[in-house]
>>> print(open('run_1.txt').read())   # compact mmCIF, C-alpha atoms and all ligand atoms
# COMPACT_ATOMS: atom_id res chain seq x y z
CA MET A 10 -31.90 79.50 -70.76
CA ASP A 11 -29.84 76.41 -71.66
CA MET A 12 -29.94 73.25 -69.56
CA PRO A 13 -26.98 72.98 -67.18
CA ASN A 14 -24.08 70.65 -68.08
CA ARG A 15 -23.76 69.54 -64.48
CA VAL A 16 -26.36 69.23 -61.73
CA GLU A 17 -25.92 68.86 -57.98
CA PHE A 18 -28.28 66.65 -56.00
CA ARG A 19 -28.37 67.18 -52.25
CA GLU A 20 -29.51 63.94 -50.65
CA GLU A 21 -32.23 64.44 -48.03
CA GLY A 22 -33.75 60.95 -47.90
CA VAL A 23 -32.36 60.04 -44.51
CA ARG A 24 -33.71 63.09 -42.68
CA GLU A 25 -36.91 63.33 -44.71
CA GLY A 26 -37.50 59.59 -44.73
CA PHE A 27 -37.06 58.72 -41.11
CA GLN A 28 -38.78 61.85 -39.72
CA ILE A 29 -42.13 60.70 -41.11
CA GLU A 30 -41.98 57.07 -39.94
CA LYS A 31 -44.03 55.97 -36.97
CA ARG A 32 -41.25 54.00 -35.33
CA LEU A 33 -37.60 54.64 -34.63
CA TYR A 34 -35.28 52.53 -36.77
CA PRO A 35 -32.04 51.10 -35.32
CA LEU A 36 -29.21 53.63 -35.36
CA ALA A 37 -26.87 51.10 -37.01
CA ASP A 38 -29.24 50.78 -40.00
CA ARG A 39 -29.51 54.52 -40.48
CA VAL A 40 -25.73 54.88 -40.19
CA ARG A 41 -25.25 52.10 -42.78
CA LEU A 42 -27.51 53.95 -45.22
CA VAL A 43 -25.68 57.28 -44.78
CA GLU A 44 -22.29 55.59 -45.19
CA ALA A 45 -23.46 53.80 -48.35
CA LEU A 46 -24.84 57.05 -49.81
CA ALA A 47 -21.51 58.75 -49.17
CA GLU A 48 -19.83 56.17 -51.44
CA THR A 49 -22.01 57.08 -54.46
CA GLY A 50 -20.45 60.43 -55.28
CA LEU A 51 -23.17 62.46 -53.56
CA ARG A 52 -21.44 65.37 -51.85
CA HIS A 53 -24.19 66.59 -49.54
CA ILE A 54 -26.20 64.34 -47.25
CA GLN A 55 -28.76 65.79 -44.87
CA VAL A 56 -28.66 63.31 -42.02
CA ALA A 57 -31.14 64.50 -39.40
CA SER A 58 -32.81 67.49 -37.81
CA PHE A 59 -32.42 69.17 -34.44
CA VAL A 60 -36.07 69.90 -33.80
CA SER A 61 -38.22 69.27 -30.76
CA PRO A 62 -38.29 65.53 -29.93
CA LYS A 63 -41.86 66.10 -28.78
CA ALA A 64 -42.78 67.24 -32.31
CA VAL A 65 -40.66 64.65 -34.16
CA PRO A 66 -39.72 61.77 -31.81
CA ASN A 67 -37.60 60.06 -34.48
CA MET A 68 -35.14 62.96 -34.42
CA ALA A 69 -34.46 62.65 -30.70
CA ASP A 70 -31.10 60.91 -31.21
CA SER A 71 -29.69 63.20 -33.92
CA ALA A 72 -26.51 63.98 -31.97
CA GLU A 73 -25.74 60.27 -31.48
CA PHE A 74 -26.56 59.63 -35.13
CA PHE A 75 -24.05 62.19 -36.41
CA ALA A 76 -21.41 60.96 -33.98
CA ALA A 77 -21.80 57.35 -35.14
CA ILE A 78 -21.20 58.01 -38.86
CA ARG A 79 -17.78 57.20 -40.32
CA LYS A 80 -17.21 60.37 -42.36
CA LYS A 81 -15.92 60.38 -45.91
CA PRO A 82 -13.75 63.39 -46.76
CA GLY A 83 -15.40 65.69 -49.29
CA VAL A 84 -18.94 64.85 -48.19
CA ALA A 85 -20.95 67.37 -46.17
CA TYR A 86 -23.12 65.79 -43.47
CA THR A 87 -25.69 68.46 -42.71
CA ALA A 88 -28.59 69.06 -40.36
CA LEU A 89 -31.85 70.96 -40.35
CA TRP A 90 -33.12 73.17 -37.56
CA LEU A 91 -36.17 75.39 -37.28
CA ASN A 92 -35.33 77.47 -34.25
CA GLU A 93 -32.28 78.85 -32.50
CA LYS A 94 -32.27 76.06 -29.94
CA GLY A 95 -31.91 73.58 -32.79
CA PHE A 96 -29.02 75.54 -34.27
CA TRP A 97 -27.08 75.55 -31.00
CA ARG A 98 -27.73 71.84 -30.50
CA ALA A 99 -26.41 71.14 -34.01
CA LEU A 100 -23.36 73.34 -33.43
CA GLU A 101 -22.52 71.45 -30.25
CA SER A 102 -22.92 68.04 -31.89
CA PRO A 103 -19.69 66.52 -33.19
CA GLY A 104 -19.75 65.56 -36.85
CA VAL A 105 -22.34 68.07 -38.10
CA ASP A 106 -21.18 70.16 -41.06
CA MET A 107 -22.70 73.50 -40.15
CA GLN A 108 -24.33 74.83 -43.28
CA ALA A 109 -26.38 77.68 -41.89
CA ARG A 110 -29.70 78.46 -43.45
CA LEU A 111 -32.51 80.91 -43.12
CA ALA A 112 -36.05 79.52 -43.21
CA LEU A 113 -39.05 81.53 -44.33
CA TYR A 114 -42.60 80.44 -45.02
CA ALA A 115 -44.68 81.35 -48.04
CA SER A 116 -47.73 80.04 -46.12
CA SER A 117 -48.54 81.28 -42.65
CA GLU A 118 -50.90 78.36 -41.91
CA PHE A 119 -48.10 75.90 -42.59
CA ALA A 120 -45.69 77.98 -40.50
CA LEU A 121 -48.08 77.63 -37.58
CA ARG A 122 -48.33 73.86 -37.96
CA ASN A 123 -44.66 73.21 -38.66
CA ASN A 124 -43.00 75.88 -36.61
CA GLY A 125 -45.58 77.02 -34.06
CA CYS A 126 -45.48 80.64 -35.26
CA SER A 127 -46.79 82.79 -38.11
CA ALA A 128 -44.79 83.43 -41.29
CA ALA A 129 -44.32 87.04 -40.18
CA GLU A 130 -42.99 85.96 -36.77
CA MET A 131 -40.65 83.48 -38.47
CA ALA A 132 -39.36 86.34 -40.65
CA ARG A 133 -38.77 88.42 -37.54
CA ARG A 134 -36.91 85.53 -35.87
CA GLN A 135 -34.48 85.36 -38.78
CA ARG A 136 -32.80 88.48 -37.38
CA ASP A 137 -32.12 86.55 -34.16
CA TRP A 138 -30.82 83.62 -36.21
CA MET A 139 -28.42 86.00 -38.00
CA ALA A 140 -27.14 87.21 -34.61
CA ALA A 141 -26.66 83.60 -33.49
CA TYR A 142 -24.81 82.76 -36.72
CA ALA A 143 -22.56 85.80 -36.31
CA LYS A 144 -21.83 84.80 -32.71
CA ALA A 145 -20.98 81.26 -33.83
CA GLY A 146 -18.87 82.53 -36.73
CA VAL A 147 -20.91 80.89 -39.50
CA GLN A 148 -22.36 82.47 -42.61
CA VAL A 149 -25.71 81.75 -44.21
CA GLU A 150 -25.40 79.28 -47.10
CA THR A 151 -29.03 78.93 -48.07
CA LEU A 152 -32.46 80.41 -47.72
CA SER A 153 -35.26 77.83 -47.71
CA VAL A 154 -38.67 79.10 -48.74
CA LEU A 155 -41.19 76.58 -47.43
CA ALA A 156 -44.53 75.91 -49.18
CA ALA A 157 -43.44 78.18 -52.03
CA PHE A 158 -45.89 76.70 -54.56
CA GLY A 159 -48.99 75.97 -52.55
CA CYS A 160 -50.22 74.76 -49.19
CA ASN A 161 -52.68 72.07 -48.11
CA PHE A 162 -53.96 74.45 -45.45
CA GLU A 163 -53.85 77.81 -47.25
CA GLY A 164 -54.34 76.88 -50.91
CA ASP A 165 -52.49 78.43 -53.86
CA VAL A 166 -49.56 80.59 -52.89
CA ASP A 167 -48.68 83.79 -54.74
CA PRO A 168 -45.10 83.84 -56.15
CA ALA A 169 -44.84 87.31 -54.56
CA ARG A 170 -44.46 85.55 -51.18
CA SER A 171 -41.30 83.78 -52.38
CA VAL A 172 -39.98 87.04 -53.80
CA GLU A 173 -40.63 88.75 -50.47
CA ALA A 174 -38.83 85.94 -48.62
CA ALA A 175 -35.87 86.19 -50.99
CA ARG A 176 -35.67 89.96 -50.44
CA ILE A 177 -35.83 89.59 -46.64
CA ALA A 178 -32.97 87.08 -46.71
CA GLU A 179 -30.96 89.19 -49.13
CA ASP A 180 -31.34 92.25 -46.86
CA LEU A 181 -30.32 90.29 -43.76
CA CYS A 182 -27.24 88.89 -45.47
CA ARG A 183 -26.33 92.26 -46.94
CA GLU A 184 -26.47 93.79 -43.43
CA ALA A 185 -24.07 91.02 -42.36
CA GLY A 186 -21.74 91.98 -45.21
CA TYR A 187 -22.32 89.22 -47.75
CA GLY A 188 -24.77 88.08 -50.40
CA ILE A 189 -27.25 85.23 -50.08
CA PRO A 190 -25.57 82.34 -51.92
CA LYS A 191 -28.49 79.95 -52.52
CA ILE A 192 -32.27 80.08 -52.42
CA MET A 193 -34.09 76.75 -52.27
CA LEU A 194 -37.74 76.97 -53.24
CA ALA A 195 -39.58 74.14 -51.52
CA ASP A 196 -42.71 72.52 -52.88
CA THR A 197 -43.33 71.04 -49.45
CA MET A 198 -46.80 69.65 -50.19
CA GLY A 199 -46.62 68.81 -53.87
CA TRP A 200 -48.56 71.74 -55.34
CA ALA A 201 -46.07 72.70 -58.08
CA ASN A 202 -46.42 72.11 -61.80
CA PRO A 203 -43.98 72.94 -64.60
CA ALA A 204 -45.60 76.30 -65.38
CA ALA A 205 -45.51 77.28 -61.70
CA ILE A 206 -41.83 76.29 -61.50
CA LYS A 207 -41.14 78.66 -64.37
CA ARG A 208 -43.12 81.47 -62.73
CA VAL A 209 -41.68 81.22 -59.23
CA VAL A 210 -38.07 80.49 -60.21
CA GLY A 211 -38.25 83.34 -62.75
CA ALA A 212 -39.68 85.81 -60.23
CA VAL A 213 -37.14 84.97 -57.52
CA ARG A 214 -34.23 85.13 -59.93
CA GLU A 215 -35.37 88.51 -61.13
CA ALA A 216 -35.63 89.78 -57.55
CA VAL A 217 -32.25 88.40 -56.40
CA PRO A 218 -30.18 87.76 -59.53
CA THR A 219 -26.98 87.01 -57.60
CA ALA A 220 -28.37 83.92 -55.79
CA ARG A 221 -28.23 80.38 -57.13
CA VAL A 222 -31.84 79.23 -57.14
CA GLY A 223 -32.47 75.54 -56.43
CA LEU A 224 -35.55 73.38 -55.95
CA HIS A 225 -36.71 71.14 -53.12
CA LEU A 226 -39.53 69.17 -54.72
CA HIS A 227 -41.97 66.58 -53.47
CA ASP A 228 -43.60 64.03 -55.76
CA THR A 229 -46.89 63.94 -53.90
CA ARG A 230 -49.03 64.11 -57.05
CA GLY A 231 -46.62 62.55 -59.53
CA LEU A 232 -45.31 65.80 -61.02
CA GLY A 233 -41.91 65.66 -59.35
CA GLY A 234 -39.99 64.56 -62.45
CA ALA A 235 -41.83 67.02 -64.71
CA ASN A 236 -41.03 69.79 -62.23
CA VAL A 237 -37.35 68.85 -62.14
CA LEU A 238 -37.32 68.95 -65.95
CA ALA A 239 -39.00 72.36 -65.91
CA GLY A 240 -36.26 73.52 -63.54
CA LEU A 241 -33.52 72.06 -65.72
CA MET A 242 -34.99 73.84 -68.73
CA MET A 243 -34.58 77.09 -66.81
CA GLY A 244 -30.96 76.24 -66.03
CA VAL A 245 -31.58 75.16 -62.42
CA ASP A 246 -28.59 73.07 -61.35
CA LEU A 247 -29.33 72.33 -57.69
CA PHE A 248 -32.00 69.96 -56.39
CA ASP A 249 -32.83 68.37 -53.05
CA SER A 250 -33.94 64.79 -53.51
CA SER A 251 -34.36 61.53 -51.61
CA VAL A 252 -32.99 58.08 -52.30
CA ALA A 253 -35.84 55.67 -53.21
CA GLY A 254 -38.23 58.63 -53.03
CA LEU A 255 -38.20 58.51 -49.22
CA GLY A 256 -39.71 61.31 -47.28
CA GLY A 257 -42.55 63.58 -46.55
CA CYS A 258 -43.28 66.17 -43.94
CA PRO A 259 -45.29 64.89 -40.96
CA PHE A 260 -46.92 68.33 -40.68
CA SER A 261 -48.04 68.46 -44.33
CA ASN A 262 -49.87 65.21 -44.97
CA PRO A 263 -50.75 64.20 -41.44
CA GLY A 264 -50.69 60.50 -40.71
CA ASP A 265 -49.87 59.42 -44.26
CA THR A 266 -46.49 57.71 -44.36
CA THR A 267 -47.13 56.07 -47.74
CA ALA A 268 -47.64 59.32 -49.67
CA ALA A 269 -44.88 59.96 -52.17
CA GLY A 270 -42.01 61.85 -50.64
CA ASN A 271 -39.34 63.93 -52.27
CA VAL A 272 -38.34 63.50 -55.87
CA CYS A 273 -36.36 60.29 -56.08
CA THR A 274 -32.59 60.83 -56.34
CA GLU A 275 -31.72 57.81 -58.48
CA ASP A 276 -34.62 58.43 -60.88
CA MET A 277 -33.58 62.06 -61.33
CA VAL A 278 -29.88 61.18 -61.66
CA PHE A 279 -30.93 58.69 -64.33
CA MET A 280 -32.90 61.37 -66.17
CA CYS A 281 -29.93 63.72 -66.09
CA HIS A 282 -27.46 61.09 -67.30
CA GLU A 283 -29.79 60.02 -70.12
CA MET A 284 -29.95 63.67 -71.20
CA GLY A 285 -26.16 64.04 -71.08
CA ILE A 286 -26.11 66.07 -67.85
CA GLU A 287 -23.30 65.16 -65.43
CA THR A 288 -24.03 64.61 -61.74
CA ASP A 289 -20.78 62.99 -60.46
CA VAL A 290 -22.98 60.24 -59.00
CA ASP A 291 -22.48 56.51 -59.60
CA LEU A 292 -26.03 55.57 -60.58
CA GLU A 293 -25.66 51.81 -60.04
CA ALA A 294 -24.24 52.36 -56.53
CA LEU A 295 -27.12 54.71 -55.81
CA ILE A 296 -29.69 52.12 -56.92
CA GLU A 297 -28.05 49.71 -54.46
CA CYS A 298 -28.58 52.34 -51.75
CA ALA A 299 -32.25 52.56 -52.74
CA HIS A 300 -32.54 48.78 -52.24
CA LEU A 301 -30.82 49.15 -48.87
CA ALA A 302 -33.26 51.92 -47.90
CA GLU A 303 -36.19 49.70 -48.89
CA ALA A 304 -34.81 46.77 -46.89
CA ILE A 305 -34.37 48.99 -43.82
CA ILE A 306 -37.78 50.67 -44.04
CA GLY A 307 -39.37 47.28 -44.66
CA ARG A 308 -41.98 48.16 -47.27
CA ARG A 309 -42.13 48.94 -50.98
CA LEU A 310 -40.75 52.42 -51.70
CA ASN A 311 -41.64 54.75 -54.53
CA GLY A 312 -38.54 54.90 -56.74
CA HIS A 313 -38.94 53.59 -60.29
CA LEU A 314 -35.37 52.41 -60.82
CA LEU A 315 -35.76 50.27 -57.71
CA ARG A 316 -37.97 48.01 -59.85
CA SER A 317 -36.66 48.54 -63.38
CA GLY A 318 -32.96 49.22 -62.88
CA SER A 319 -31.15 51.57 -65.25
CA LEU A 320 -30.52 50.91 -68.94
CA ALA A 321 -26.89 49.89 -68.33
CA ARG A 322 -27.43 46.13 -68.47
CA PHE A 323 -29.35 46.35 -71.74
CA ARG A 324 -26.67 48.51 -73.30
CA GLU A 325 -23.95 46.14 -72.04
CA ALA A 326 -25.81 43.12 -73.47
CA LYS A 327 -26.16 44.89 -76.80
CA ALA A 328 -22.46 45.82 -76.84
CA MET A 329 -21.48 42.21 -76.01
CA ALA A 330 -23.73 40.87 -78.78
CA LEU A 331 -22.12 43.22 -81.26
CA GLN A 332 -18.64 42.11 -80.17
CA ALA A 333 -19.48 38.39 -80.46
N1 LIG B 1 -34.62 70.83 -29.86
C1 LIG B 1 -35.05 70.22 -28.73
N2 LIG B 1 -36.12 70.64 -28.02
C2 LIG B 1 -36.75 71.74 -28.44
C3 LIG B 1 -36.36 72.43 -29.61
C4 LIG B 1 -35.25 71.93 -30.34
N3 LIG B 1 -34.84 72.51 -31.46
N4 LIG B 1 -37.19 73.46 -29.79
C5 LIG B 1 -38.07 73.44 -28.78
N5 LIG B 1 -37.80 72.40 -27.97
C6 LIG B 1 -38.52 72.02 -26.77
C7 LIG B 1 -38.48 73.11 -25.73
O1 LIG B 1 -37.35 72.96 -24.90
C8 LIG B 1 -39.77 72.89 -24.99
O2 LIG B 1 -39.61 71.79 -24.14
P1 LIG B 1 -40.38 71.75 -22.70
O3 LIG B 1 -41.85 71.71 -23.04
O4 LIG B 1 -39.88 70.48 -22.08
O5 LIG B 1 -39.99 73.01 -22.01
C9 LIG B 1 -40.72 72.47 -26.09
O6 LIG B 1 -39.90 71.90 -27.11
C10 LIG B 1 -41.52 73.61 -26.67
O7 LIG B 1 -40.65 74.66 -26.96
P2 LIG B 1 -41.07 75.96 -27.80
O8 LIG B 1 -39.93 76.90 -27.87
O9 LIG B 1 -42.37 76.47 -27.28
O10 LIG B 1 -41.18 75.39 -29.22
P3 LIG B 1 -42.47 75.25 -30.07
O11 LIG B 1 -43.46 74.40 -29.35
O12 LIG B 1 -42.86 76.60 -30.55
O13 LIG B 1 -41.89 74.38 -31.26
C11 LIG B 1 -40.40 73.83 -33.02
C12 LIG B 1 -41.09 74.93 -32.26
C13 LIG B 1 -39.93 74.35 -34.34
C14 LIG B 1 -39.22 73.37 -32.22
C15 LIG B 1 -41.36 72.66 -33.18
O14 LIG B 1 -42.53 73.10 -33.79
C16 LIG B 1 -40.75 71.56 -34.00
O15 LIG B 1 -39.78 70.93 -33.60
N6 LIG B 1 -41.31 71.30 -35.14
C17 LIG B 1 -40.77 70.24 -36.03
C18 LIG B 1 -41.07 70.57 -37.43
C19 LIG B 1 -40.37 69.61 -38.35
O16 LIG B 1 -39.41 68.94 -38.02
N7 LIG B 1 -40.88 69.55 -39.58
C20 LIG B 1 -40.32 68.72 -40.61
C21 LIG B 1 -39.18 69.35 -41.33
S1 LIG B 1 -39.59 70.80 -42.24
>>> encode(input="run_1.txt", output="structure tokens")
Amino acid sequence: MDMPNRVEFREEGVREGFQIEKRLYPLADRVRLVEALAETGLRHIQVASFVSPKAVPNMADSAEFFAAIRKKPGVAYTALWLNEKGFWRALESPGVDMQARLALYASSEFALRNNGCSAAEMARRQRDWMAAYAKAGVQVETLSVLAAFGCNFEGDVDPARSVEAARIAEDLCREAGYGIPKIMLADTMGWANPAAIKRVVGAVREAVPTARVGLHLHDTRGLGGANVLAGLMMGVDLFDSSVAGLGGCPFSNPGDTTAAGNVCTEDMVFMCHEMGIETDVDLEALIECAHLAEAIIGRRLNGHLLRSGSLARFREAKAMALQA
């Protein structure tokens, strides 16, 4: 399949980044980062999650966080939830763009640690989620398949698990009278490699050809960029990513807040632009956001362009020299 002409990056650095930190950062700083990201051309920013504050204390003030953001028209400010209680909390919180999702686990061990239930129980609960969505008048936008490529606690994961998850979600949506629009395959713990991307994306597409398949990749072992490229080469045009490479799941790499997080948005936008793929994102503005994220977090973050910058200034200098 050809590479896409245009790719969409859904920014998850704020939710992913702050959830793993040991301390709560000032609300004003987090708001400043979201508002700056919204000025870059990114159209989807995942701000926070509505999970148990006992499990993730840094997400205790999600409602206040959403309420405090000055919204830019055309940008979706979304939330994550992992149970029905979280969904209702998000629905009741002003300023949350309700993009409903289903969540299924390819690893039962990880489901237990992250969600307090088995993968099979989570699958069963999705029927209750569908009923809640119908009651609230929202439709499923996305299925997330967590730990689709491997699991620190369960080992290698068979692509058949992702196919099964995709089929479950497709059936639930069909019963509700619509198709499943998007399936995000998550490499939650950094087990993927380019060949695995090809295998799992291929298998899921074959099983549910009508869904747009996207990737949520972590750069835990340095293969994030290679995995994005593998996705692009299969025509994948939707990626979750994090400014400055923020992020990481507190239930995947326990205690390690310095481990690489999600694939870095500005680095991946740079790769796309260099290859002639449009993203609608202002790369230089995004690099400024990465610097802002680093200043707020207060330690060196993982993005490469944070240190090197893009190639723009070299190209400008060359153009000026030619003009002179
Ligand atoms: N929001 C606020 N509180 C919640 C909640 C939510 N979404 N879900 C559960 N709680 C509270 C319950 O009210 C209960 O409180 P209590 O002890 O004061 O009565 C307590 O948490 C336990 O509730 P229970 O229904 O038994 O949930 P659980 O212990 O099975 O936890 C999750 C399920 C999903 C809520 C929990 O595991 C969690 O929040 N995990 C976070 C995972 C995460 O964020 N991972 C990173 C992103 S993938």
>>> axis_aligned_box(input="run_1.txt", around="segment 266-280 of chain A", padding_each_side="5 Å", output="JSON")
{"center_x": -38.8, "center_y": 60.0, "center_z": -55.3, "size_x": 27.8, "size_y": 17.9, "size_z": 31.8}
>>> atom_distance(input="run_1.txt", atom1="atom P3 of ligand LIG 1 (chain B)", atom2="atom CA of Met131 of chain A")
11.9 Å
>>> closest_residue(input="run_1.txt", among="A:Ala85, A:Cys182, A:Ala269, A:Val166", to="Val43 of chain A", atoms="only C-alpha atoms")
A:Ala85
>>> residues_around(input="run_1.txt", residues="Ala157 of chain A", least_positions_apart="6", cutoff="10 Å", atoms="only C-alpha atoms", output="list in words")
Leu113, Tyr114, Ala115, Ser116, Asp165, Val166, Asp167, Pro168, Ala169, Arg170, Ser171, Val172, Ala174, Met193, Leu194, Ala195, Asp196, Thr197, Met198, Trp200, Ala201, Ala205, Ile206, Val209 and His225 of chain A
>>> residues_near_ligand(input="run_1.txt", ligand="ligand LIG 1 (chain B)", cutoff="6 Å", atoms="all atoms listed in the file", output="ChimeraX atom specification")
/A:59-62,64-65,91-92,94-95,123-125,258
>>> atom_distance(input="run_1.txt", atom1="atom CA of Thr274 of chain A", atom2="atom CA of Ala299 of chain A")
9.0 Å
>>> closest_residue(input="run_1.txt", among="A:Gln135, A:Thr219, A:Asn202, A:Ser58", to="Ala178 of chain A", atoms="all atoms listed in the file")
A:Gln135
>>> residues_around(input="run_1.txt", residues="segment 236-240 of chain A", least_positions_apart="4", cutoff="7 Å", atoms="only C-alpha atoms", output="list in words")
Asn202, Pro203, Ile206, Lys207, Leu232, Gly244 and Val245 of chain A
>>> atom_distance(input="run_1.txt", atom1="atom CA of Tyr142 of chain A", atom2="atom CA of Ser250 of chain A")
26.2 Å
>>> residues_near_point(input="run_1.txt", point="(-33.1, 61.3, -59.3)", cutoff="10 Å", atoms="all atoms listed in the file", output="PyMOL selection string")
chain A and resi 18+20+233-234+237+248-254+271-282+288+292+295+312-314
>>> closest_residue(input="run_1.txt", among="A:Thr151, A:Met243, A:Lys80, A:Arg183", to="Ala204 of chain A", atoms="only C-alpha atoms")
A:Met243
>>> closest_residue(input="run_1.txt", among="A:Val222, A:Ile29, A:Ala185, A:Leu100", to="Asn262 of chain A", atoms="all atoms listed in the file")
A:Ile29
>>> closest_residue(input="run_1.txt", among="A:Ala143, A:Ala330, A:Ala88, A:Ala156", to="Val56 of chain A", atoms="all atoms listed in the file")
A:Ala88
>>> residues_around(input="run_1.txt", residues="Ala294 of chain A", least_positions_apart="3", cutoff="6 Å", atoms="all atoms listed in the file", output="PyMOL selection string")
chain A and resi 49+291+297
>>> residues_around(input="run_1.txt", residues="Arg32 of chain A", least_positions_apart="6", cutoff="10 Å", atoms="all atoms listed in the file", output="number ranges by chain")
A: 66-67, 306
>>> decode(input="run_1.txt", residues="segment 92-109 of chain A", atoms="N, CA and C atoms", output="PDB file, in the first residue's frame")
ATOM      1  N   ASN A  92     -13.733   2.875  32.979  1.00  0.00           N
ATOM      2  CA  ASN A  92     -14.949   2.229  33.472  1.00  0.00           C
ATOM      3  C   ASN A  92     -16.114   3.205  33.301  1.00  0.00           C
ATOM      4  N   GLU A  93     -17.308   2.676  33.553  1.00  0.00           N
ATOM      5  CA  GLU A  93     -18.508   3.486  33.318  1.00  0.00           C
ATOM      6  C   GLU A  93     -18.544   4.731  34.192  1.00  0.00           C
ATOM      7  N   LYS A  94     -18.053   4.568  35.421  1.00  0.00           N
ATOM      8  CA  LYS A  94     -18.041   5.722  36.331  1.00  0.00           C
ATOM      9  C   LYS A  94     -17.223   6.861  35.708  1.00  0.00           C
ATOM     10  N   GLY A  95     -16.111   6.510  35.113  1.00  0.00           N
ATOM     11  CA  GLY A  95     -15.270   7.513  34.460  1.00  0.00           C
ATOM     12  C   GLY A  95     -15.984   8.186  33.303  1.00  0.00           C
ATOM     13  N   PHE A  96     -16.733   7.388  32.538  1.00  0.00           N
ATOM     14  CA  PHE A  96     -17.484   7.963  31.413  1.00  0.00           C
ATOM     15  C   PHE A  96     -18.496   8.996  31.897  1.00  0.00           C
ATOM     16  N   TRP A  97     -19.253   8.635  32.938  1.00  0.00           N
ATOM     17  CA  TRP A  97     -20.278   9.576  33.423  1.00  0.00           C
ATOM     18  C   TRP A  97     -19.632  10.831  34.010  1.00  0.00           C
ATOM     19  N   ARG A  98     -18.510  10.646  34.681  1.00  0.00           N
ATOM     20  CA  ARG A  98     -17.804  11.839  35.216  1.00  0.00           C
ATOM     21  C   ARG A  98     -17.365  12.749  34.065  1.00  0.00           C
ATOM     22  N   ALA A  99     -16.840  12.147  33.004  1.00  0.00           N
ATOM     23  CA  ALA A  99     -16.396  12.950  31.851  1.00  0.00           C
ATOM     24  C   ALA A  99     -17.581  13.672  31.218  1.00  0.00           C
ATOM     25  N   LEU A 100     -18.695  12.939  31.088  1.00  0.00           N
ATOM     26  CA  LEU A 100     -19.887  13.522  30.440  1.00  0.00           C
ATOM     27  C   LEU A 100     -20.403  14.729  31.227  1.00  0.00           C
ATOM     28  N   GLU A 101     -20.272  14.635  32.542  1.00  0.00           N
ATOM     29  CA  GLU A 101     -20.787  15.727  33.388  1.00  0.00           C
ATOM     30  C   GLU A 101     -19.798  16.885  33.514  1.00  0.00           C
ATOM     31  N   SER A 102     -18.601  16.721  32.977  1.00  0.00           N
ATOM     32  CA  SER A 102     -17.582  17.766  33.146  1.00  0.00           C
ATOM     33  C   SER A 102     -17.600  18.732  31.973  1.00  0.00           C
ATOM     34  N   PRO A 103     -17.849  20.013  32.223  1.00  0.00           N
ATOM     35  CA  PRO A 103     -17.897  20.975  31.127  1.00  0.00           C
ATOM     36  C   PRO A 103     -16.553  21.038  30.399  1.00  0.00           C
ATOM     37  N   GLY A 104     -16.644  21.114  29.072  1.00  0.00           N
ATOM     38  CA  GLY A 104     -15.424  21.308  28.286  1.00  0.00           C
ATOM     39  C   GLY A 104     -14.796  20.033  27.756  1.00  0.00           C
ATOM     40  N   VAL A 105     -15.387  18.868  28.080  1.00  0.00           N
ATOM     41  CA  VAL A 105     -14.840  17.615  27.543  1.00  0.00           C
ATOM     42  C   VAL A 105     -15.540  17.316  26.213  1.00  0.00           C
ATOM     43  N   ASP A 106     -14.776  17.119  25.153  1.00  0.00           N
ATOM     44  CA  ASP A 106     -15.363  16.658  23.894  1.00  0.00           C
ATOM     45  C   ASP A 106     -15.513  15.146  23.999  1.00  0.00           C
ATOM     46  N   MET A 107     -16.752  14.700  24.038  1.00  0.00           N
ATOM     47  CA  MET A 107     -17.013  13.284  24.330  1.00  0.00           C
ATOM     48  C   MET A 107     -16.784  12.410  23.105  1.00  0.00           C
ATOM     49  N   GLN A 108     -15.605  11.901  22.978  1.00  0.00           N
ATOM     50  CA  GLN A 108     -15.319  10.931  21.918  1.00  0.00           C
ATOM     51  C   GLN A 108     -15.311   9.558  22.569  1.00  0.00           C
ATOM     52  N   ALA A 109     -16.417   8.860  22.409  1.00  0.00           N
ATOM     53  CA  ALA A 109     -16.590   7.591  23.128  1.00  0.00           C
ATOM     54  C   ALA A 109     -15.715   6.502  22.527  1.00  0.00           C
TER      55      ALA A 109
END
